[in-house]
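Asker: So I've got this file, work.cif, and it contains mmCIF, C-alpha atoms:
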```
data_protein
#
loop_
_atom_site.label_atom_id
_atom_site.label_comp_id
_atom_site.auth_asym_id
_atom_site.auth_seq_id
_atom_site.Cartn_x
_atom_site.Cartn_y
_atom_site.Cartn_z
CA MET A 1 -129.33 -39.83 59.92
CA THR A 2 -132.85 -41.20 59.76
CA THR A 3 -134.39 -38.07 61.29
CA PRO A 4 -133.15 -34.45 61.51
CA THR A 5 -133.52 -34.50 65.33
CA MET A 6 -130.67 -37.02 65.84
CA GLU A 7 -127.00 -36.02 65.65
CA TRP A 8 -123.87 -38.11 66.08
CA VAL A 9 -121.59 -37.00 68.87
CA VAL A 10 -118.42 -38.43 70.38
CA SER A 11 -118.06 -37.78 74.09
CA VAL A 12 -114.98 -38.02 76.29
CA SER A 13 -114.98 -38.87 80.00
CA TYR A 14 -112.21 -37.62 82.26
CA GLY A 15 -110.45 -40.18 84.43
CA GLU A 16 -108.63 -39.26 87.62
CA LEU A 17 -108.59 -35.59 86.57
CA ILE A 18 -111.93 -35.01 88.27
CA LEU A 19 -110.26 -35.83 91.62
CA LYS A 20 -107.60 -33.12 91.30
CA GLY A 21 -109.34 -30.50 93.43
CA LYS A 22 -108.02 -26.97 92.93
CA ASN A 23 -105.75 -28.11 90.08
CA ARG A 24 -108.58 -29.75 88.14
CA GLY A 25 -109.15 -26.75 85.88
CA SER A 26 -105.58 -26.67 84.61
CA PHE A 27 -105.55 -30.45 83.96
CA ILE A 28 -108.82 -30.27 82.02
CA ALA A 29 -107.60 -27.26 80.05
CA ALA A 30 -104.52 -29.28 79.05
CA VAL A 31 -106.68 -32.22 77.91
CA LYS A 32 -108.79 -29.86 75.80
CA ARG A 33 -105.68 -28.49 74.09
CA HIS A 34 -104.50 -31.99 73.25
CA LEU A 35 -107.97 -32.94 72.00
CA HIS A 36 -108.05 -29.93 69.69
CA HIS A 37 -104.66 -30.96 68.33
CA ALA A 38 -105.75 -34.59 67.90
CA LEU A 39 -108.93 -33.58 66.08
CA LYS A 40 -107.21 -31.38 63.50
CA GLY A 41 -108.41 -32.41 60.05
CA ILE A 42 -111.73 -33.76 61.36
CA PRO A 43 -114.66 -31.39 60.67
CA VAL A 44 -116.16 -30.97 64.15
CA LYS A 45 -119.52 -29.24 63.71
CA GLU A 46 -119.97 -28.26 67.35
CA GLU A 47 -118.23 -28.68 70.69
CA LEU A 48 -120.41 -28.99 73.78
CA GLU A 49 -119.66 -29.09 77.47
CA GLN A 50 -122.49 -30.24 79.70
CA PHE A 51 -122.18 -31.12 83.37
CA GLY A 52 -118.40 -31.49 83.15
CA LYS A 53 -118.28 -33.69 80.06
CA LEU A 54 -117.13 -32.85 76.52
CA PHE A 55 -119.05 -33.73 73.37
CA TYR A 56 -118.00 -33.32 69.73
CA VAL A 57 -120.76 -33.21 67.11
CA VAL A 58 -119.57 -34.82 63.87
CA ASP A 59 -120.98 -36.41 60.73
CA GLU A 60 -121.62 -40.14 60.92
CA ALA A 61 -118.83 -40.73 58.37
CA ASP A 62 -116.32 -39.13 60.78
CA VAL A 63 -117.35 -40.97 63.95
CA GLU A 64 -114.75 -43.75 63.79
CA ARG A 65 -111.76 -41.51 63.16
CA THR A 66 -112.98 -39.08 65.85
CA ILE A 67 -113.04 -41.99 68.32
CA ALA A 68 -109.54 -43.08 67.26
CA ALA A 69 -108.16 -39.54 67.62
CA CYS A 70 -109.68 -39.03 71.08
CA ARG A 71 -108.45 -42.41 72.32
CA ARG A 72 -104.84 -41.32 71.72
CA VAL A 73 -105.15 -38.41 74.17
CA PHE A 74 -103.89 -39.00 77.71
CA GLY A 75 -106.17 -38.16 80.63
CA LEU A 76 -109.38 -39.72 79.27
CA LEU A 77 -111.10 -42.74 80.81
CA TYR A 78 -113.70 -43.44 78.10
CA VAL A 79 -114.62 -42.34 74.58
CA THR A 80 -118.26 -42.89 73.63
CA PRO A 81 -120.12 -42.47 70.32
CA SER A 82 -123.72 -41.41 70.96
CA LEU A 83 -126.85 -40.02 69.38
CA ARG A 84 -127.86 -36.61 70.65
CA VAL A 85 -131.61 -35.98 70.83
CA PRO A 86 -133.94 -33.63 72.73
CA CYS A 87 -134.96 -34.69 76.24
CA GLU A 88 -138.32 -35.94 75.02
CA ALA A 89 -139.71 -39.47 75.28
CA ASP A 90 -140.35 -40.01 71.57
CA ALA A 91 -136.94 -38.71 70.54
CA ILE A 92 -135.14 -40.87 73.11
CA ARG A 93 -137.14 -43.95 72.10
CA ASN A 94 -136.36 -43.38 68.40
CA ALA A 95 -132.64 -43.09 69.13
CA CYS A 96 -132.69 -46.25 71.27
CA HIS A 97 -134.58 -48.13 68.57
CA PHE A 98 -132.16 -46.99 65.85
CA LEU A 99 -129.02 -48.10 67.72
CA VAL A 100 -130.46 -51.39 68.98
CA GLN A 101 -131.69 -52.25 65.46
CA ARG A 102 -128.14 -51.81 64.16
CA LYS A 103 -126.80 -54.10 66.86
CA LEU A 104 -129.45 -56.72 66.10
CA ASP A 105 -128.61 -56.57 62.40
CA ALA A 106 -124.93 -57.15 63.20
CA HIS A 107 -125.91 -59.99 65.57
CA SER A 108 -128.01 -61.74 62.92
CA ASN A 109 -125.23 -61.36 60.35
CA LYS A 110 -123.13 -63.63 62.58
CA ASN A 111 -125.73 -66.38 61.94
CA SER A 112 -126.73 -66.31 65.58
CA VAL A 113 -130.21 -67.60 66.44
CA ASP A 114 -129.98 -66.82 70.15
CA PRO A 115 -131.71 -63.71 71.52
CA LEU A 116 -129.45 -60.76 72.23
CA THR A 117 -129.33 -59.96 75.93
CA PHE A 118 -129.39 -56.34 77.02
CA LYS A 119 -129.55 -53.98 79.94
CA ALA A 120 -130.86 -50.40 80.00
CA LYS A 121 -128.75 -47.94 81.97
CA VAL A 122 -129.77 -44.35 82.62
CA LYS A 123 -127.87 -41.49 84.24
CA ARG A 124 -129.90 -38.34 84.94
CA SER A 125 -127.55 -35.39 85.46
CA ASN A 126 -130.38 -32.94 84.63
CA LYS A 127 -132.62 -33.13 87.70
CA ALA A 128 -135.36 -31.17 85.92
CA PHE A 129 -136.16 -34.28 83.88
CA PRO A 130 -139.43 -35.72 85.32
CA LEU A 131 -138.35 -39.38 85.71
CA THR A 132 -135.62 -40.62 88.04
CA SER A 133 -132.77 -42.72 86.64
CA PRO A 134 -134.31 -46.10 87.72
CA GLU A 135 -137.74 -45.06 86.43
CA MET A 136 -136.31 -44.05 83.07
CA ALA A 137 -134.25 -47.25 82.84
CA ARG A 138 -137.42 -49.32 83.31
CA GLN A 139 -139.15 -47.22 80.65
CA VAL A 140 -136.32 -47.72 78.15
CA GLY A 141 -136.30 -51.47 78.86
CA ASP A 142 -140.06 -51.70 78.29
CA TRP A 143 -139.74 -49.82 75.00
CA MET A 144 -137.08 -52.13 73.64
CA LEU A 145 -138.84 -55.33 74.72
CA SER A 146 -141.96 -54.02 73.02
CA ASP A 147 -140.08 -53.06 69.83
CA PHE A 148 -137.90 -56.18 69.47
CA SER A 149 -138.97 -59.78 70.10
CA THR A 150 -135.33 -60.96 69.76
CA LEU A 151 -134.17 -59.13 72.89
CA SER A 152 -134.04 -60.53 76.40
CA VAL A 153 -132.98 -58.86 79.65
CA ASP A 154 -129.81 -59.78 81.52
CA VAL A 155 -128.85 -57.14 84.10
CA HIS A 156 -125.72 -59.00 85.27
CA HIS A 157 -123.92 -60.07 82.07
CA PRO A 158 -125.63 -58.35 79.14
CA GLU A 159 -124.24 -58.56 75.62
CA LEU A 160 -125.55 -55.05 74.97
CA VAL A 161 -125.69 -52.09 77.35
CA LEU A 162 -128.09 -49.41 76.13
CA SER A 163 -127.08 -46.20 77.90
CA VAL A 164 -129.05 -42.98 78.12
CA GLU A 165 -127.58 -39.85 79.69
CA ILE A 166 -130.05 -37.11 80.50
CA ARG A 167 -128.26 -33.76 80.40
CA ASP A 168 -129.34 -30.53 78.68
CA ASP A 169 -129.89 -32.97 75.82
CA ALA A 170 -130.24 -36.76 75.86
CA PHE A 171 -127.31 -38.87 74.67
CA VAL A 172 -127.99 -42.48 73.70
CA SER A 173 -125.20 -45.01 73.17
CA VAL A 174 -124.52 -48.74 72.84
CA ASP A 175 -120.71 -48.67 72.59
CA ARG A 176 -117.97 -47.36 74.85
CA TYR A 177 -114.20 -47.48 74.29
CA SER A 178 -111.42 -47.30 76.86
CA GLY A 179 -109.20 -44.24 76.80
CA GLN A 180 -105.53 -44.02 77.72
CA GLY A 181 -106.19 -42.83 81.27
CA GLY A 182 -103.33 -41.11 83.06
CA LEU A 183 -102.67 -37.39 82.98
CA PRO A 184 -102.51 -34.96 80.04
CA ALA A 185 -99.13 -34.76 78.34
CA GLY A 186 -96.99 -31.95 79.68
CA SER A 187 -99.00 -31.45 82.87
CA GLY A 188 -96.27 -33.11 84.97
CA GLY A 189 -93.17 -31.47 83.50
CA ARG A 190 -90.67 -32.61 80.87
CA GLY A 191 -88.65 -35.82 80.69
CA LEU A 192 -85.65 -36.82 78.55
CA LEU A 193 -85.91 -40.43 77.38
CA LEU A 194 -82.71 -42.42 76.81
CA LEU A 195 -83.88 -43.99 73.55
CA SER A 196 -81.88 -47.03 72.54
CA GLY A 197 -82.76 -49.19 69.56
CA GLY A 198 -84.29 -51.82 71.85
CA ILE A 199 -87.77 -52.85 72.91
CA ASP A 200 -87.86 -51.32 76.39
CA SER A 201 -87.10 -47.62 76.11
CA PRO A 202 -90.05 -46.58 73.87
CA VAL A 203 -92.41 -48.34 76.28
CA ALA A 204 -90.81 -46.51 79.22
CA GLY A 205 -91.27 -43.19 77.44
CA TYR A 206 -94.91 -43.95 76.75
CA GLU A 207 -95.57 -44.87 80.37
CA MET A 208 -94.10 -41.59 81.65
CA ALA A 209 -95.95 -39.56 79.00
CA ARG A 210 -99.14 -41.21 80.25
CA ARG A 211 -98.33 -39.80 83.69
CA GLY A 212 -98.09 -36.27 82.33
CA LEU A 213 -94.50 -35.81 81.11
CA ALA A 214 -93.79 -34.14 77.78
CA LEU A 215 -90.97 -36.07 76.14
CA GLY A 216 -87.70 -35.46 74.38
CA ALA A 217 -85.26 -38.27 73.59
CA VAL A 218 -81.50 -38.75 73.41
CA HIS A 219 -79.97 -41.53 71.32
CA PHE A 220 -76.34 -42.50 71.97
CA HIS A 221 -74.52 -44.07 69.00
CA SER A 222 -70.99 -45.07 68.07
CA TYR A 223 -70.76 -44.29 64.38
CA PRO A 224 -68.82 -45.55 62.43
CA PHE A 225 -68.71 -48.67 64.66
CA THR A 226 -72.50 -48.68 64.48
CA SER A 227 -74.22 -47.97 61.18
CA GLU A 228 -76.23 -44.94 60.11
CA ARG A 229 -79.18 -47.30 59.79
CA ALA A 230 -79.05 -47.83 63.56
CA GLN A 231 -79.49 -44.06 63.97
CA GLU A 232 -82.33 -44.06 61.45
CA LYS A 233 -83.96 -46.84 63.46
CA ALA A 234 -83.96 -44.63 66.56
CA THR A 235 -85.54 -41.83 64.54
CA ARG A 236 -88.30 -44.15 63.34
CA LEU A 237 -88.90 -45.32 66.90
CA MET A 238 -89.32 -41.69 67.93
CA GLU A 239 -91.73 -41.05 65.05
CA GLN A 240 -93.84 -44.06 66.01
CA LEU A 241 -93.82 -42.99 69.66
CA GLU A 242 -94.91 -39.49 68.65
CA ARG A 243 -98.18 -40.92 67.35
CA SER A 244 -99.13 -41.67 70.95
CA VAL A 245 -97.29 -39.04 73.03
CA GLY A 246 -97.19 -36.00 70.74
CA PRO A 247 -94.28 -34.06 69.17
CA MET A 248 -90.77 -34.85 70.38
CA ARG A 249 -87.23 -33.71 69.71
CA LEU A 250 -84.43 -36.26 69.29
CA TYR A 251 -80.84 -35.52 70.35
CA ARG A 252 -78.08 -37.72 68.90
CA ILE A 253 -74.71 -38.03 70.64
CA ASN A 254 -71.62 -39.96 69.47
CA LEU A 255 -69.88 -41.96 72.23
CA VAL A 256 -66.94 -43.38 70.25
CA LYS A 257 -64.31 -41.37 72.15
CA ILE A 258 -65.86 -42.27 75.50
CA TYR A 259 -65.88 -45.99 74.74
CA THR A 260 -62.34 -45.78 73.40
CA ALA A 261 -61.13 -44.07 76.58
CA ILE A 262 -62.88 -46.62 78.80
CA ALA A 263 -61.44 -49.54 76.79
CA ARG A 264 -57.89 -48.16 77.04
CA ASN A 265 -57.87 -47.13 80.68
CA CYS A 266 -60.44 -49.06 82.72
CA ASN A 267 -61.27 -52.56 83.90
CA LYS A 268 -63.19 -54.17 81.03
CA LYS A 269 -65.77 -55.77 83.30
CA ASN A 270 -66.88 -52.27 84.41
CA THR A 271 -67.47 -51.00 80.85
CA THR A 272 -71.27 -51.19 81.03
CA VAL A 273 -71.60 -49.26 84.27
CA LEU A 274 -68.89 -46.72 83.37
CA SER A 275 -70.49 -45.96 80.00
CA ARG A 276 -73.93 -45.78 81.59
CA ARG A 277 -72.68 -43.20 84.09
CA MET A 278 -71.26 -41.16 81.21
CA MET A 279 -74.61 -41.31 79.44
CA MET A 280 -76.32 -39.99 82.56
CA ARG A 281 -73.84 -37.12 82.86
CA ILE A 282 -74.48 -36.17 79.23
CA ALA A 283 -78.25 -36.55 79.61
CA ASP A 284 -78.03 -34.31 82.67
CA ARG A 285 -76.21 -31.68 80.60
CA LEU A 286 -78.81 -31.91 77.84
CA SER A 287 -81.59 -31.64 80.42
CA GLU A 288 -80.05 -28.51 81.89
CA ARG A 289 -79.54 -26.96 78.47
CA PHE A 290 -82.98 -27.76 77.03
CA GLY A 291 -85.18 -27.68 80.10
CA TYR A 292 -85.95 -31.29 81.06
CA ASP A 293 -86.80 -32.13 84.66
CA ALA A 294 -85.83 -35.82 84.75
CA MET A 295 -84.31 -38.63 82.70
CA ILE A 296 -86.21 -41.80 81.74
CA THR A 297 -84.75 -45.24 81.01
CA GLY A 298 -86.22 -48.59 80.01
CA GLU A 299 -84.36 -50.52 82.69
CA SER A 300 -86.04 -53.22 84.75
CA LEU A 301 -84.54 -54.94 87.76
CA GLY A 302 -82.46 -57.88 86.53
CA GLN A 303 -79.01 -59.39 86.18
CA VAL A 304 -77.57 -57.06 83.53
CA ALA A 305 -74.70 -55.05 85.01
CA SER A 306 -76.48 -51.68 85.05
CA GLN A 307 -79.80 -53.23 86.08
CA THR A 308 -78.90 -55.01 89.29
CA ILE A 309 -79.75 -53.02 92.40
CA GLN A 310 -76.03 -52.36 92.92
CA GLY A 311 -75.64 -51.17 89.32
CA ILE A 312 -78.69 -48.91 89.60
CA HIS A 313 -77.28 -47.32 92.76
CA VAL A 314 -73.92 -46.64 91.11
CA VAL A 315 -75.53 -45.19 87.96
CA ASN A 316 -77.89 -42.97 89.96
CA ASN A 317 -74.88 -41.46 91.72
CA ALA A 318 -73.64 -39.92 88.43
CA ALA A 319 -76.74 -37.78 87.79
CA PHE A 320 -78.10 -34.66 89.42
CA ARG A 321 -81.65 -35.02 88.11
CA PRO A 322 -83.89 -37.97 89.00
CA ILE A 323 -83.71 -41.06 86.78
CA LEU A 324 -87.19 -42.54 86.27
CA ARG A 325 -87.51 -46.27 85.53
CA PRO A 326 -91.22 -47.00 84.95
CA LEU A 327 -90.54 -50.60 83.84
CA ILE A 328 -88.52 -51.47 86.94
CA ALA A 329 -90.86 -54.28 88.12
CA MET A 330 -92.09 -55.53 84.73
CA ASP A 331 -91.03 -58.75 83.08
CA LYS A 332 -90.08 -58.98 79.42
CA THR A 333 -93.34 -60.55 78.26
CA GLN A 334 -95.29 -57.57 79.65
CA ILE A 335 -92.96 -55.10 77.98
CA ILE A 336 -93.12 -56.89 74.62
CA SER A 337 -96.92 -56.90 74.75
CA MET A 338 -96.95 -53.16 75.42
CA ALA A 339 -94.42 -52.54 72.62
CA ARG A 340 -96.67 -54.40 70.19
CA ASP A 341 -99.65 -52.26 71.21
CA LEU A 342 -97.53 -49.14 70.86
CA GLY A 343 -96.38 -50.16 67.39
CA THR A 344 -92.66 -49.99 68.20
CA TYR A 345 -91.90 -53.70 68.57
CA ASP A 346 -91.31 -54.51 64.89
CA ILE A 347 -88.93 -51.55 64.57
CA SER A 348 -87.08 -52.45 67.77
CA ILE A 349 -86.27 -56.00 66.67
CA GLU A 350 -84.63 -54.91 63.42
CA PRO A 351 -81.03 -56.26 63.57
CA PHE A 352 -78.93 -53.11 63.92
CA ASP A 353 -76.41 -52.99 66.79
CA ASP A 354 -76.65 -50.19 69.32
CA CYS A 355 -73.60 -48.89 71.14
CA CYS A 356 -74.50 -50.62 74.42
CA SER A 357 -74.58 -54.11 72.95
CA LEU A 358 -71.57 -53.53 70.69
CA PHE A 359 -69.19 -52.63 73.52
CA ALA A 360 -70.68 -54.80 76.27
CA PRO A 361 -68.08 -56.99 78.04
CA ASP A 362 -68.41 -60.77 78.01
CA HIS A 363 -68.39 -60.93 81.81
CA PRO A 364 -69.75 -57.65 83.23
CA ASN A 365 -69.50 -56.68 86.87
CA THR A 366 -73.03 -57.25 88.19
CA ARG A 367 -72.26 -56.03 91.73
CA PRO A 368 -70.29 -52.84 91.21
CA THR A 369 -69.46 -50.54 94.10
CA LEU A 370 -68.90 -46.80 94.04
CA GLY A 371 -65.32 -47.40 95.19
CA GLN A 372 -64.53 -49.69 92.24
CA ILE A 373 -66.08 -47.32 89.72
CA ALA A 374 -64.47 -44.23 91.24
CA HIS A 375 -61.06 -45.96 91.01
CA ASP A 376 -61.59 -46.53 87.26
CA GLU A 377 -62.95 -43.03 86.65
CA GLU A 378 -59.79 -41.49 88.15
CA LYS A 379 -58.08 -42.68 84.95
CA LEU A 380 -60.52 -40.70 82.74
CA ASP A 381 -60.77 -36.99 82.00
CA ILE A 382 -64.50 -37.02 82.52
CA ASP A 383 -65.17 -33.31 81.90
CA ALA A 384 -63.23 -33.33 78.63
CA LEU A 385 -64.94 -36.50 77.43
CA VAL A 386 -68.39 -35.07 78.18
CA GLU A 387 -67.51 -31.85 76.33
CA GLU A 388 -66.25 -33.79 73.30
CA ALA A 389 -69.43 -35.84 73.24
CA MET A 390 -71.58 -32.69 73.49
CA ASP A 391 -69.74 -31.31 70.46
CA THR A 392 -71.20 -34.17 68.37
CA LEU A 393 -74.78 -33.17 69.22
CA GLU A 394 -77.36 -33.34 66.44
CA MET A 395 -81.01 -32.40 66.99
CA ILE A 396 -83.93 -33.78 65.02
CA ASP A 397 -87.30 -32.12 65.54
CA ASP A 398 -90.76 -33.60 64.99
CA LYS A 399 -90.68 -32.52 61.33
CA GLY A 400 -87.50 -34.49 60.66
CA ARG A 401 -85.17 -31.50 60.41
CA VAL A 402 -81.58 -32.05 61.53
CA ARG A 403 -79.82 -29.24 63.35
CA GLU A 404 -76.32 -29.31 64.82
#
```
Represent the structure of the file as structure tokens.
Answerer:
Amino acid sequence: MTTPTMEWVVSVSYGELILKGKNRGSFIAAVKRHLHHALKGIPVKEELEQFGKLFYVVDEADVERTIAACRRVFGLLYVTPSLRVPCEADAIRNACHFLVQRKLDAHSNKNSVDPLTFKAKVKRSNKAFPLTSPEMARQVGDWMLSDFSTLSVDVHHPELVLSVEIRDDAFVSVDRYSGQGGLPAGSGGRGLLLLSGGIDSPVAGYEMARRGLALGAVHFHSYPFTSERAQEKATRLMEQLERSVGPMRLYRINLVKIYTAIARNCNKKNTTVLSRRMMMRIADRLSERFGYDAMITGESLGQVASQTIQGIHVVNNAAFRPILRPLIAMDKTQIISMARDLGTYDISIEPFDDCCSLFAPDHPNTRPTLGQIAHDEEKLDIDALVEEAMDTLEMIDDKGRVRE
């Protein structure tokens, strides 16, 4: 830094957690645990907590990766790089000058001849500071207009917002980045994601993790009718998802015998709904065995057999635990955009068949009733088929180890 009195810090602002009343402490404690995990490998020189906000003191060279790590943590509204200085006029002015000069240099490098518009914004949490927030904002604005002839004021649509927070120390910033929002992972229980090889299910898992669920995933396959590469694809989807939601465990289940039994004994047009109900029964068993509170799917309301309102009702009837469908009202363009941001889209579109598409009937029943499906299921030994499927269970942990 240019002077020994300025230090780089990265601060995090809580989102809706501050509204949680008596539970606020446990939510914030969970966020702190996830932040400590996210910041492993980054040399944090000091951790501060002032007036309900967290600050991490780091070297300037580590600011960008500290920001990136914090932005991956659920429960945070903003992540802000700042300069920390004493609550003294000269120190605050020097920090403001330093950051604005950098912004002006970047502005001029774009070959822009127009003045840079700015606004000074001050928040005084420390009421012992002699100036009020509006008084200090006017002071900061006067300083910058005096220091830089290429600045002009625009309080409504500024290109640059120069922020000063007066706490035990003063924190000066010109950048602020959006966080993930939501609730800290694991604060809302545990959910088992039905992870296909498609675009939708990783996005559904992410959305529920953002609302506080810790995730596991189950992938149903039909090897040897589907390839081992299709299973590897599901594992890579999980690994990419882990970068945003934290460590997961993947359960792999073979459905060949279930599909064979359905094909031999049941009305072909009901294959999709019948197989989906079997998946829910198995997911329910896995949830009971490994401690998950709900199942999660990537279904949205549509015209696919298991995604019409009638199909959803019939599938729900097979499960004891709730089935969460966070994408239920989204259209495909929204989901694809989210998958791109999540980094799962390119993996999802790799051309390996999953078991659902491989055995899907040409003309599925889009308006199934419980009576129709119950009539078909009377021809199946459901308990035996579920047990046989459970016997194929493989577990892959977040370190890639396979356990049967």
Asker: As a PDB file with C-alpha atoms, in the coordinates of the input, please: the residues near stretch 292-307 of chain A (cut-off 6 Å, all atoms listed in the file, same-chain neighbours under 2 positions excluded).
Answerer:
```pdb
ATOM      1  CA  ARG A 190     -90.670 -32.610  80.870  1.00  0.00           C
ATOM      2  CA  GLY A 191     -88.650 -35.820  80.690  1.00  0.00           C
ATOM      3  CA  LEU A 192     -85.650 -36.820  78.550  1.00  0.00           C
ATOM      4  CA  LEU A 193     -85.910 -40.430  77.380  1.00  0.00           C
ATOM      5  CA  LEU A 194     -82.710 -42.420  76.810  1.00  0.00           C
ATOM      6  CA  ASP A 200     -87.860 -51.320  76.390  1.00  0.00           C
ATOM      7  CA  SER A 201     -87.100 -47.620  76.110  1.00  0.00           C
ATOM      8  CA  ALA A 204     -90.810 -46.510  79.220  1.00  0.00           C
ATOM      9  CA  VAL A 273     -71.600 -49.260  84.270  1.00  0.00           C
ATOM     10  CA  SER A 287     -81.590 -31.640  80.420  1.00  0.00           C
ATOM     11  CA  GLY A 311     -75.640 -51.170  89.320  1.00  0.00           C
ATOM     12  CA  ILE A 312     -78.690 -48.910  89.600  1.00  0.00           C
ATOM     13  CA  ARG A 321     -81.650 -35.020  88.110  1.00  0.00           C
ATOM     14  CA  PRO A 322     -83.890 -37.970  89.000  1.00  0.00           C
ATOM     15  CA  ILE A 323     -83.710 -41.060  86.780  1.00  0.00           C
ATOM     16  CA  LEU A 324     -87.190 -42.540  86.270  1.00  0.00           C
ATOM     17  CA  ARG A 325     -87.510 -46.270  85.530  1.00  0.00           C
ATOM     18  CA  LEU A 327     -90.540 -50.600  83.840  1.00  0.00           C
ATOM     19  CA  ILE A 328     -88.520 -51.470  86.940  1.00  0.00           C
ATOM     20  CA  ALA A 329     -90.860 -54.280  88.120  1.00  0.00           C
ATOM     21  CA  PRO A 364     -69.750 -57.650  83.230  1.00  0.00           C
ATOM     22  CA  ASN A 365     -69.500 -56.680  86.870  1.00  0.00           C
ATOM     23  CA  THR A 366     -73.030 -57.250  88.190  1.00  0.00           C
TER      24      THR A 366
END
```
Asker: Which is closer to A:Thr235 than all the others in A:Arg277, A:His363, A:His219, A:His375, using all atoms listed in the file?
Answerer: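 Checking each candidate against A:Thr235, we get A:His219 as the closest.
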Asker: Can you list what the PyMOL selection byres ((chain A and resi 97) around 12) grabs from this structure, as a PyMOL selection string?
Answerer: chain A and resi 2+83+90-96+98-104+140-148+151+162+172-174
Asker: Show me the residues around (-88.7, -31.9, 74.9) - criterion: an atom at most 6 Å away, all atoms listed in the file counted - as a PyMOL selection string.
Answerer: chain A and resi 215-216+248-249
Asker: Would you mind exporting C-alpha atoms of the selected residues as a PDB file, in the frame of the given file?
Answerer:
```
ATOM      1  CA  LEU A 215     -90.970 -36.070  76.140  1.00  0.00           C
ATOM      2  CA  GLY A 216     -87.700 -35.460  74.380  1.00  0.00           C
ATOM      3  CA  MET A 248     -90.770 -34.850  70.380  1.00  0.00           C
ATOM      4  CA  ARG A 249     -87.230 -33.710  69.710  1.00  0.00           C
TER       5      ARG A 249
END
```
Asker: Using only C-alpha atoms, which residue out of A:Ala318, A:Ala38, A:Ile347, A:Leu195 lies closest to A:Lys233?
Answerer: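 Of the candidates, the smallest distance to A:Lys233 is held by A:Ile347.
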Asker: Using Å and a single decimal, report how far atom CA of A:Met6 sits from atom CA of A:Leu131.
Answerer: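 Between atom CA of A:Leu131 and atom CA of A:Met6 the gap is 21.4 Å.
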Asker: Which residues, written as a ChimeraX atom specification, have at least one atom at most 8 Å from stretch 7-16 of chain A, with all atoms listed in the file counted and residues fewer than 2 positions away on the same chain left out?
Answerer: /A:1,4-5,18-20,53-60,63,66-67,70,75-85,181-183
Asker: Which one is closest to A:Ser149: A:His36, A:Met279, A:Pro115, A:Cys266? Count all atoms listed in the file.
Answerer: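 Of the candidates, the smallest distance to A:Ser149 is held by A:Pro115.
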Asker: To one decimal place in Å, what is the distance between atom CA of A:Gly291 and atom CA of A:Leu213?
Answerer: 12.4 Å
Asker: With all atoms listed in the file as the atoms that count, which of A:Phe27, A:Tyr251, A:Tyr345, A:Phe129 lies nearest to A:Glu165?
Answerer: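 Ranked by minimum distance to A:Glu165, first place goes to A:Phe129.
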Asker: Can you fill out stretch 280-288 of chain A with N, CA, C and O atoms and hand it back as a compact mmCIF listing (two decimals), in the frame of the given file?
Answerer:
```txt
# COMPACT_ATOMS: atom_id res chain seq x y z
N MET A 280 -75.50 -40.76 81.62
CA MET A 280 -76.32 -39.99 82.56
C MET A 280 -75.76 -38.57 82.73
O MET A 280 -76.52 -37.60 82.84
N ARG A 281 -74.44 -38.46 82.76
CA ARG A 281 -73.84 -37.12 82.86
C ARG A 281 -74.22 -36.28 81.63
O ARG A 281 -74.55 -35.10 81.75
N ILE A 282 -74.15 -36.90 80.46
CA ILE A 282 -74.48 -36.17 79.23
C ILE A 282 -75.97 -35.84 79.19
O ILE A 282 -76.37 -34.73 78.83
N ALA A 283 -76.81 -36.81 79.57
CA ALA A 283 -78.25 -36.55 79.61
C ALA A 283 -78.59 -35.44 80.59
O ALA A 283 -79.48 -34.62 80.35
N ASP A 284 -77.86 -35.40 81.70
CA ASP A 284 -78.03 -34.31 82.67
C ASP A 284 -77.70 -32.96 82.04
O ASP A 284 -78.40 -31.97 82.23
N ARG A 285 -76.60 -32.92 81.28
CA ARG A 285 -76.21 -31.68 80.60
C ARG A 285 -77.27 -31.26 79.58
O ARG A 285 -77.61 -30.07 79.48
N LEU A 286 -77.75 -32.21 78.81
CA LEU A 286 -78.81 -31.91 77.84
C LEU A 286 -80.06 -31.41 78.54
O LEU A 286 -80.72 -30.47 78.08
N SER A 287 -80.40 -32.04 79.67
CA SER A 287 -81.59 -31.64 80.42
C SER A 287 -81.46 -30.21 80.93
O SER A 287 -82.42 -29.42 80.88
N GLU A 288 -80.28 -29.87 81.42
CA GLU A 288 -80.05 -28.51 81.89
C GLU A 288 -80.14 -27.51 80.75
O GLU A 288 -80.74 -26.44 80.89
```
